[in-house]
Each structure stands twice: as C-alpha cells, then as structure tokens.
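Q: Data: input06.json, JSON, C-alpha atoms and all ligand atoms.
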```json
[["chain", "number", "residue", "atom", "x", "y", "z"],
["K", 1, "MET", "CA", 0.00, 0.00, 0.00],
["K", 2, "THR", "CA", 1.48, 3.36, -1.01],
["K", 3, "GLU", "CA", 1.54, 6.48, 1.18],
["K", 4, "ALA", "CA", -1.72, 8.38, 1.02],
["K", 5, "ARG", "CA", -2.14, 11.89, -0.38],
["K", 6, "ILE", "CA", -3.66, 14.48, 1.94],
["K", 7, "ILE", "CA", -5.77, 17.04, 0.13],
["K", 8, "ARG", "CA", -6.84, 20.01, 2.22],
["K", 9, "ILE", "CA", -10.21, 21.56, 1.40],
["K", 10, "PRO", "CA", -10.54, 24.98, 3.05],
["K", 11, "LEU", "CA", -14.30, 25.46, 3.50],
["K", 12, "ARG", "CA", -14.38, 29.17, 4.39],
["K", 13, "PHE", "CA", -13.76, 28.63, 8.10],
["K", 14, "ALA", "CA", -12.86, 25.01, 8.78],
["K", 15, "ASN", "CA", -10.95, 22.41, 6.76],
["K", 16, "SER", "CA", -12.16, 19.17, 5.35],
["K", 17, "TYR", "CA", -9.54, 16.69, 4.14],
["K", 18, "LEU", "CA", -9.39, 13.91, 1.61],
["K", 19, "VAL", "CA", -6.96, 11.16, 2.51],
["K", 20, "ALA", "CA", -6.49, 9.37, -0.77],
["K", 21, "GLY", "CA", -4.78, 5.99, -1.10],
["K", 22, "GLU", "CA", -6.27, 2.82, -2.54],
["K", 23, "LYS", "CA", -9.56, 4.23, -1.26],
["K", 24, "THR", "CA", -10.32, 7.69, 0.10],
["K", 25, "ILE", "CA", -11.35, 8.79, 3.58],
["K", 26, "ILE", "CA", -13.08, 12.13, 4.13],
["K", 27, "VAL", "CA", -12.01, 13.80, 7.38],
["K", 28, "ASP", "CA", -14.48, 16.40, 8.72],
["K", 29, "THR", "CA", -17.11, 18.11, 6.61],
["K", 30, "GLY", "CA", -17.11, 21.82, 7.61],
["K", 31, "ASP", "CA", -20.08, 23.98, 8.56],
["K", 32, "PRO", "CA", -23.57, 23.23, 7.22],
["K", 33, "GLY", "CA", -23.91, 24.09, 3.54],
["K", 34, "PHE", "CA", -20.42, 23.14, 2.37],
["K", 35, "SER", "CA", -20.83, 19.62, 1.00],
["K", 36, "ARG", "CA", -20.57, 20.95, -2.54],
["K", 37, "GLY", "CA", -17.06, 22.22, -1.79],
["K", 38, "ILE", "CA", -16.04, 18.69, -0.81],
["K", 39, "LEU", "CA", -17.66, 17.18, -3.91],
["K", 40, "ARG", "CA", -15.92, 19.77, -6.10],
["K", 41, "ALA", "CA", -12.53, 18.97, -4.55],
["K", 42, "MET", "CA", -13.14, 15.26, -5.17],
["K", 43, "GLN", "CA", -13.95, 15.94, -8.80],
["K", 44, "LYS", "CA", -10.89, 18.16, -9.21],
["K", 45, "ASN", "CA", -8.67, 15.41, -7.81],
["K", 46, "ASP", "CA", -10.32, 12.64, -9.81],
["K", 47, "ILE", "CA", -11.81, 10.96, -6.74],
["K", 48, "LYS", "CA", -15.16, 9.28, -7.36],
["K", 49, "LYS", "CA", -17.93, 8.82, -4.81],
["K", 50, "SER", "CA", -17.38, 5.09, -5.09],
["K", 51, "ASP", "CA", -13.74, 5.63, -3.98],
["K", 52, "ILE", "CA", -14.87, 6.93, -0.57],
["K", 53, "SER", "CA", -14.67, 4.26, 2.12],
["K", 54, "LEU", "CA", -15.21, 6.19, 5.36],
["K", 55, "ILE", "CA", -16.07, 9.62, 6.77],
["K", 56, "PHE", "CA", -14.15, 10.36, 9.96],
["K", 57, "ILE", "CA", -15.28, 13.26, 12.18],
["K", 58, "THR", "CA", -12.47, 14.48, 14.44],
["K", 59, "HIS", "CA", -14.84, 15.80, 17.13],
["K", 60, "GLY", "CA", -18.38, 16.91, 17.88],
["K", 61, "HIS", "CA", -18.25, 20.56, 16.87],
["K", 62, "ILE", "CA", -20.58, 21.85, 14.22],
["K", 63, "ASP", "CA", -17.89, 23.47, 12.09],
["K", 64, "HIS", "CA", -16.41, 19.98, 11.72],
["K", 65, "TYR", "CA", -19.53, 17.89, 11.05],
["K", 66, "GLY", "CA", -22.17, 20.42, 9.89],
["K", 67, "SER", "CA", -22.23, 19.29, 6.25],
["K", 68, "LEU", "CA", -22.28, 15.59, 7.06],
["K", 69, "PHE", "CA", -26.07, 15.29, 6.74],
["K", 70, "GLU", "CA", -26.10, 16.68, 3.19],
["K", 71, "LEU", "CA", -22.95, 14.80, 2.19],
["K", 72, "LYS", "CA", -24.41, 11.47, 3.32],
["K", 73, "LYS", "CA", -27.25, 11.91, 0.81],
["K", 74, "SER", "CA", -24.81, 11.32, -2.03],
["K", 75, "ILE", "CA", -22.01, 9.41, -0.27],
["K", 76, "ASP", "CA", -23.46, 6.71, 1.93],
["K", 77, "VAL", "CA", -20.44, 5.25, 3.71],
["K", 78, "PRO", "CA", -19.83, 4.56, 7.43],
["K", 79, "VAL", "CA", -19.25, 7.55, 9.70],
["K", 80, "ALA", "CA", -16.71, 7.22, 12.51],
["K", 81, "ILE", "CA", -16.33, 9.41, 15.59],
["K", 82, "GLN", "CA", -14.88, 8.72, 19.03],
["K", 83, "ARG", "CA", -17.54, 7.36, 21.39],
["K", 84, "LEU", "CA", -17.51, 10.33, 23.82],
["K", 85, "ASP", "CA", -18.35, 12.87, 21.09],
["K", 86, "ALA", "CA", -20.81, 10.59, 19.26],
["K", 87, "PRO", "CA", -23.89, 11.84, 21.20],
["K", 88, "TYR", "CA", -23.30, 15.44, 20.01],
["K", 89, "LEU", "CA", -23.16, 14.31, 16.42],
["K", 90, "ASN", "CA", -26.25, 12.21, 16.97],
["K", 91, "GLN", "CA", -28.22, 15.11, 18.46],
["K", 92, "GLY", "CA", -26.85, 17.79, 16.15],
["K", 93, "VAL", "CA", -25.48, 19.93, 19.00],
["K", 94, "GLN", "CA", -22.08, 21.25, 20.04],
["K", 95, "ALA", "CA", -19.76, 19.29, 22.28],
["K", 96, "PRO", "CA", -19.25, 21.53, 25.36],
["K", 97, "LEU", "CA", -17.02, 24.57, 24.80],
["K", 98, "TYR", "CA", -14.58, 25.42, 27.59],
["K", 99, "PRO", "CA", -12.97, 28.78, 26.73],
["K", 100, "VAL", "CA", -9.44, 29.36, 28.01],
["K", 101, "ASN", "CA", -9.46, 33.16, 27.66],
["K", 102, "PRO", "CA", -11.94, 36.08, 27.48],
["K", 103, "VAL", "CA", -11.82, 36.21, 23.67],
["K", 104, "ALA", "CA", -12.79, 32.56, 23.42],
["K", 105, "GLY", "CA", -15.48, 33.25, 26.05],
["K", 106, "ALA", "CA", -16.93, 35.96, 23.81],
["K", 107, "VAL", "CA", -16.86, 33.61, 20.84],
["K", 108, "LYS", "CA", -18.75, 31.08, 22.92],
["K", 109, "LEU", "CA", -21.40, 33.69, 23.78],
["K", 110, "VAL", "CA", -21.84, 34.63, 20.13],
["K", 111, "GLY", "CA", -22.16, 30.99, 19.15],
["K", 112, "LYS", "CA", -24.40, 30.09, 22.07],
["K", 113, "ASN", "CA", -27.52, 29.75, 20.00],
["K", 114, "LEU", "CA", -25.74, 28.07, 17.16],
["K", 115, "LYS", "CA", -27.39, 24.71, 16.81],
["K", 116, "VAL", "CA", -27.36, 22.45, 13.87],
["K", 117, "LYS", "CA", -30.97, 21.73, 13.03],
["K", 118, "LYS", "CA", -32.01, 18.56, 14.72],
["K", 119, "ARG", "CA", -32.46, 16.85, 11.39],
["K", 120, "TYR", "CA", -28.75, 17.32, 10.76],
["K", 121, "GLY", "CA", -27.90, 15.00, 13.61],
["K", 122, "ILE", "CA", -26.51, 11.67, 12.46],
["K", 123, "LYS", "CA", -25.98, 8.46, 14.33],
["K", 124, "ALA", "CA", -22.39, 7.36, 13.88],
["K", 125, "ASP", "CA", -21.90, 3.91, 12.40],
["K", 126, "ILE", "CA", -18.61, 3.52, 14.23],
["K", 127, "ALA", "CA", -18.46, 5.06, 17.72],
["K", 128, "PHE", "CA", -15.00, 3.81, 18.60],
["K", 129, "ASN", "CA", -13.26, 3.64, 21.95],
["K", 130, "ASN", "CA", -9.65, 3.19, 21.01],
["K", 131, "ARG", "CA", -7.89, 2.67, 17.72],
["K", 132, "VAL", "CA", -9.38, 2.23, 14.28],
["K", 133, "GLU", "CA", -7.04, 0.54, 11.80],
["K", 134, "LEU", "CA", -7.57, 1.98, 8.34],
["K", 135, "GLU", "CA", -6.23, -0.81, 6.11],
["K", 136, "LYS", "CA", -9.73, -2.09, 5.47],
["K", 137, "TYR", "CA", -10.70, 1.43, 4.34],
["K", 138, "GLY", "CA", -7.83, 1.41, 1.84],
["K", 139, "ILE", "CA", -5.42, 3.62, 3.80],
["K", 140, "LYS", "CA", -2.20, 2.70, 5.56],
["K", 141, "GLY", "CA", -2.71, 4.46, 8.87],
["K", 142, "LEU", "CA", -4.89, 4.59, 11.93],
["K", 143, "ILE", "CA", -7.19, 6.75, 14.03],
["K", 144, "LEU", "CA", -6.48, 7.24, 17.73],
["K", 145, "PRO", "CA", -8.25, 9.26, 20.42],
["K", 146, "THR", "CA", -6.50, 12.60, 21.12],
["K", 147, "PRO", "CA", -8.74, 14.19, 23.76],
["K", 148, "GLY", "CA", -8.25, 17.63, 25.25],
["K", 149, "HIS", "CA", -10.13, 20.13, 23.08],
["K", 150, "THR", "CA", -13.17, 17.88, 23.58],
["K", 151, "LEU", "CA", -13.24, 14.58, 25.45],
["K", 152, "GLY", "CA", -14.00, 12.64, 22.28],
["K", 153, "SER", "CA", -11.50, 14.30, 19.93],
["K", 154, "ALA", "CA", -9.50, 11.94, 17.72],
["K", 155, "SER", "CA", -6.80, 12.19, 15.04],
["K", 156, "LEU", "CA", -5.82, 10.31, 11.90],
["K", 157, "PHE", "CA", -2.16, 9.22, 11.75],
["K", 158, "LEU", "CA", -0.23, 8.22, 8.66],
["K", 159, "PRO", "CA", 2.94, 6.13, 9.11],
["K", 160, "ASP", "CA", 5.25, 8.80, 7.64],
["K", 161, "GLY", "CA", 4.60, 11.35, 10.41],
["K", 162, "ARG", "CA", 1.61, 13.24, 9.03],
["K", 163, "ALA", "CA", -1.47, 13.59, 11.22],
["K", 164, "ILE", "CA", -4.88, 15.23, 10.87],
["K", 165, "THR", "CA", -5.68, 16.43, 14.35],
["K", 166, "GLY", "CA", -8.94, 18.43, 14.33],
["K", 167, "ASP", "CA", -8.73, 21.25, 16.86],
["K", 168, "LEU", "CA", -5.98, 19.81, 19.06],
["K", 169, "ILE", "CA", -3.58, 22.48, 17.77],
["K", 170, "VAL", "CA", -4.53, 25.66, 15.94],
["K", 171, "ARG", "CA", -2.74, 28.91, 15.10],
["K", 172, "LYS", "CA", -2.89, 31.88, 17.46],
["K", 173, "HIS", "CA", -5.14, 33.85, 15.10],
["K", 174, "LEU", "CA", -6.74, 30.73, 13.66],
["K", 175, "PHE", "CA", -5.34, 31.10, 10.14],
["K", 176, "ARG", "CA", -1.99, 32.64, 11.04],
["K", 177, "GLY", "CA", 0.38, 33.08, 13.94],
["K", 178, "LYS", "CA", 2.20, 30.62, 16.14],
["K", 179, "PRO", "CA", 0.73, 27.16, 16.66],
["K", 180, "CYS", "CA", -0.95, 26.78, 20.03],
["K", 181, "PRO", "CA", -3.57, 24.70, 21.82],
["K", 182, "ALA", "CA", -7.11, 25.46, 20.68],
["K", 183, "PRO", "CA", -8.73, 28.29, 22.70],
["K", 184, "PHE", "CA", -11.36, 25.82, 23.88],
["K", 185, "MET", "CA", -10.02, 23.14, 26.18],
["K", 186, "HIS", "CA", -12.14, 20.59, 27.98],
["K", 187, "ASP", "CA", -9.30, 18.75, 29.70],
["K", 188, "ARG", "CA", -5.75, 20.05, 29.94],
["K", 189, "SER", "CA", -4.10, 16.92, 31.30],
["K", 190, "ARG", "CA", -5.62, 14.82, 28.53],
["K", 191, "PHE", "CA", -4.43, 17.45, 26.06],
["K", 192, "ASN", "CA", -0.88, 17.05, 27.37],
["K", 193, "LYS", "CA", -1.15, 13.28, 27.02],
["K", 194, "SER", "CA", -2.43, 13.68, 23.48],
["K", 195, "MET", "CA", 0.56, 15.88, 22.62],
["K", 196, "ASN", "CA", 2.86, 13.23, 24.09],
["K", 197, "LEU", "CA", 1.14, 10.68, 21.92],
["K", 198, "LEU", "CA", 1.85, 12.81, 18.83],
["K", 199, "LYS", "CA", 5.47, 13.16, 19.87],
["K", 200, "GLY", "CA", 5.75, 9.44, 20.62],
["K", 201, "ARG", "CA", 4.39, 8.58, 17.20],
["K", 202, "GLY", "CA", 6.94, 10.82, 15.51],
["K", 203, "VAL", "CA", 4.42, 13.28, 14.08],
["K", 204, "LYS", "CA", 6.19, 15.84, 11.91],
["K", 205, "VAL", "CA", 3.39, 17.65, 10.13],
["K", 206, "ILE", "CA", 0.04, 18.50, 11.66],
["K", 207, "TYR", "CA", -2.97, 19.14, 9.44],
["K", 208, "PRO", "CA", -5.22, 21.24, 11.69],
["K", 209, "GLY", "CA", -8.95, 21.86, 11.58],
["K", 210, "HIS", "CA", -8.39, 25.49, 10.56],
["K", 211, "GLY", "CA", -5.70, 26.96, 8.30],
["K", 212, "GLY", "CA", -2.68, 25.37, 6.62],
["K", 213, "PRO", "CA", -0.35, 22.60, 7.80],
["K", 214, "ILE", "CA", 1.80, 23.12, 10.89],
["K", 215, "ASN", "CA", 5.35, 21.88, 11.24],
["K", 216, "ALA", "CA", 5.43, 19.99, 14.55],
["K", 217, "GLY", "CA", 8.91, 21.42, 15.18],
["K", 218, "ASP", "CA", 7.34, 24.91, 15.32],
["K", 219, "ILE", "CA", 5.36, 23.96, 18.42],
["K", 220, "LYS", "CA", 7.74, 24.96, 21.18],
["K", 221, "PRO", "CA", 8.29, 22.95, 23.16],
["K", 222, "PHE", "CA", 6.44, 20.17, 21.43],
["K", 223, "ILE", "CA", 5.39, 18.23, 24.50],
["K", 224, "ARG", "CA", 5.54, 20.84, 27.23],
["K", 225, "ILE", "CA", 2.95, 23.25, 25.97],
["K", 226, "LYS", "CA", 1.88, 25.59, 28.73],
["K", 227, "VAL", "CA", -1.87, 25.54, 29.04],
["K", 301, "ZN", "ZN", -13.66, 22.26, 17.82]]
```
If you convert what's in this file into structure tokens, what do you get?

A:
Amino acid sequence: MTEARIIRIPLRFANSYLVAGEKTIIVDTGDPGFSRGILRAMQKNDIKKSDISLIFITHGHIDHYGSLFELKKSIDVPVAIQRLDAPYLNQGVQAPLYPVNPVAGAVKLVGKNLKVKKRYGIKADIAFNNRVELEKYGIKGLILPTPGHTLGSASLFLPDGRAITGDLIVRKHLFRGKPCPAPFMHDRSRFNKSMNLLKGRGVKVIYPGHGGPINAGDIKPFIRIKV
C-alpha cells in the first residue's frame, strides 16, 4: 500500500480533508452548507464517490460535522467518531465549549444559540473507543483518540509522520500566527497526554482543523505546551 495523499479543502472557516490511497477517507465536513465544496474537490482530484470508504469526524463541533447530513445523501459510507463525542453528532449539538481566555469566552457567547438543526444529527456507524485501523478502508494508517479540546477528539495518523488532528492544535489567530492549543479546552491533562502521543508517534506535520499545515517542530516545546 502506497503512502496516502492528503488534500486540504478549506471550507471558508474550517478544513475538510481527503486522505487518498487505494480508497479515500473524508475527514471532517465543515459547517452546514459546504458539502458541494467537498464534492468539487473530489472531482478536481479525480476521486469518485465510489472511492470513498469512510467519513471520519475528528470531534463533535458543528464546524467539523455540519455538512455531514447533506454529504451522506450522495455518499453513503460509514461515519466514525470517538464514542464520547458521538452523542453530540447524533443530536446535532455542540460538544461543550470550555474557553481558556476572554476572547474565546466571547466567541462562545456569540455561538451560544448556534445549533445544527435537529435533522442534521446523524448516528455514527462507528463510535470507537480506542484505535481504528484503516487498512480495510484502503489507507495505511490509523485513528487514535486525542482528547483535550473535547473529550471525544481523535486524530488520523499516517505512518510517515503526518497527522490530521482536528482542533488539538490551531494557530494563534486561527489562520496565522504561532501554533498553540485550541482556545477551547475541555481537559488540559488529557491534552498534554495527546501531545505526548503525537510526539511518541513521531508526528512531523500537523494538518489542523483550521488553516494550513503546521510543522510539529514549530510547536515549542512540542510536548511541554503551557496551558
Ligand atoms: Zn472544535
């Protein structure tokens, strides 16, 4: 099995990704109303609907799963999310937001009434606890829980040191600035453990939920992030 390609699809605010190997996995689907952007990116990269084997949602925030309902109408493949965030996806609501600073607190207030319409809620086919091996979905790699930002956050790891990590790490100003922990943090000690996991697995490039790729070496220090 050859190394997979990672294709980033910036959907205005959040990223979706295509992980394309023998089959293709879609990672996250952006806010509601953006499924066409994903379909367009597939077309552009010569990926057919029948090539898609799995949709993996990194965590239960609406900007990461909002277009799943509409996407599932044309791509009916299993949806995977970590068990602890599965209920939010199912109900079409936000996983709890724990702001770490006043700015994030204000963002939370603004987004307080932001609910995905109930009909957008989707029951995950795979609500996993631990690892999900991806060979059977045509990708050499695996998904592992990386909690911190939410309790049910998870990341997709490729063997060559690339990882798609949802909102574990973002940039200071979301699209630019130094890499840092996301401004919403449910559990700091689990976040630290997740960062150790990334380090232990030799992650070199992080594909975050917002903005372009982050060189893991730019996170200083990689495992002792002060939060
Ligand atoms: Zn999030």

Q: Please identify all polymer residues within 6 Å of Gly66 of chain K, counting all atoms listed in the file, omitting same-chain residues fewer than 2 positions from it, and present them as an NGL selection string.

A: :K and (30-32 or 62-63 or 68)

Q: Residues near Tyr98 of chain K, anyone? I mean within 10 Å using all atoms listed in the file, not counting same-chain ones fewer than 2 positions away, as a PDB file with C-alpha atoms, keeping the file's coordinate frame.

A:
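result36.pdb was written with the following content:
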```pdb
ATOM      1  CA  ALA K  95     -19.760  19.290  22.280  1.00  0.00           C
ATOM      2  CA  PRO K  96     -19.250  21.530  25.360  1.00  0.00           C
ATOM      3  CA  VAL K 100      -9.440  29.360  28.010  1.00  0.00           C
ATOM      4  CA  ASN K 101      -9.460  33.160  27.660  1.00  0.00           C
ATOM      5  CA  ALA K 104     -12.790  32.560  23.420  1.00  0.00           C
ATOM      6  CA  GLY K 105     -15.480  33.250  26.050  1.00  0.00           C
ATOM      7  CA  LYS K 108     -18.750  31.080  22.920  1.00  0.00           C
ATOM      8  CA  HIS K 149     -10.130  20.130  23.080  1.00  0.00           C
ATOM      9  CA  THR K 150     -13.170  17.880  23.580  1.00  0.00           C
ATOM     10  CA  PRO K 183      -8.730  28.290  22.700  1.00  0.00           C
ATOM     11  CA  PHE K 184     -11.360  25.820  23.880  1.00  0.00           C
ATOM     12  CA  MET K 185     -10.020  23.140  26.180  1.00  0.00           C
ATOM     13  CA  HIS K 186     -12.140  20.590  27.980  1.00  0.00           C
ATOM     14  CA  ASP K 187      -9.300  18.750  29.700  1.00  0.00           C
TER      15      ASP K 187
END
```

Q: With all atoms listed in the file counted, which protein, DNA or RNA residues have an atom no more than 7 Å from (-6.5, 15.3, 13.6) in the file frame? Please answer as number ranges by chain.

A: K: 58, 154-156, 163-166, 207-208

Q: So, counting only C-alpha atoms and all ligand atoms, which residue among K:Leu151, K:Ala20, K:Val132, K:Ile52 is closest to ligand ZN 301 (chain K)?

A: K:Leu151

Q: Is there a way to get, as a PyMOL selection string, all residues within 12 Å of the point (-17.3, 4.1, 14.7) in file coordinates, counting all atoms listed in the file?

A: chain K and resi 54-58+77-86+89+123-134+143-145+152+154
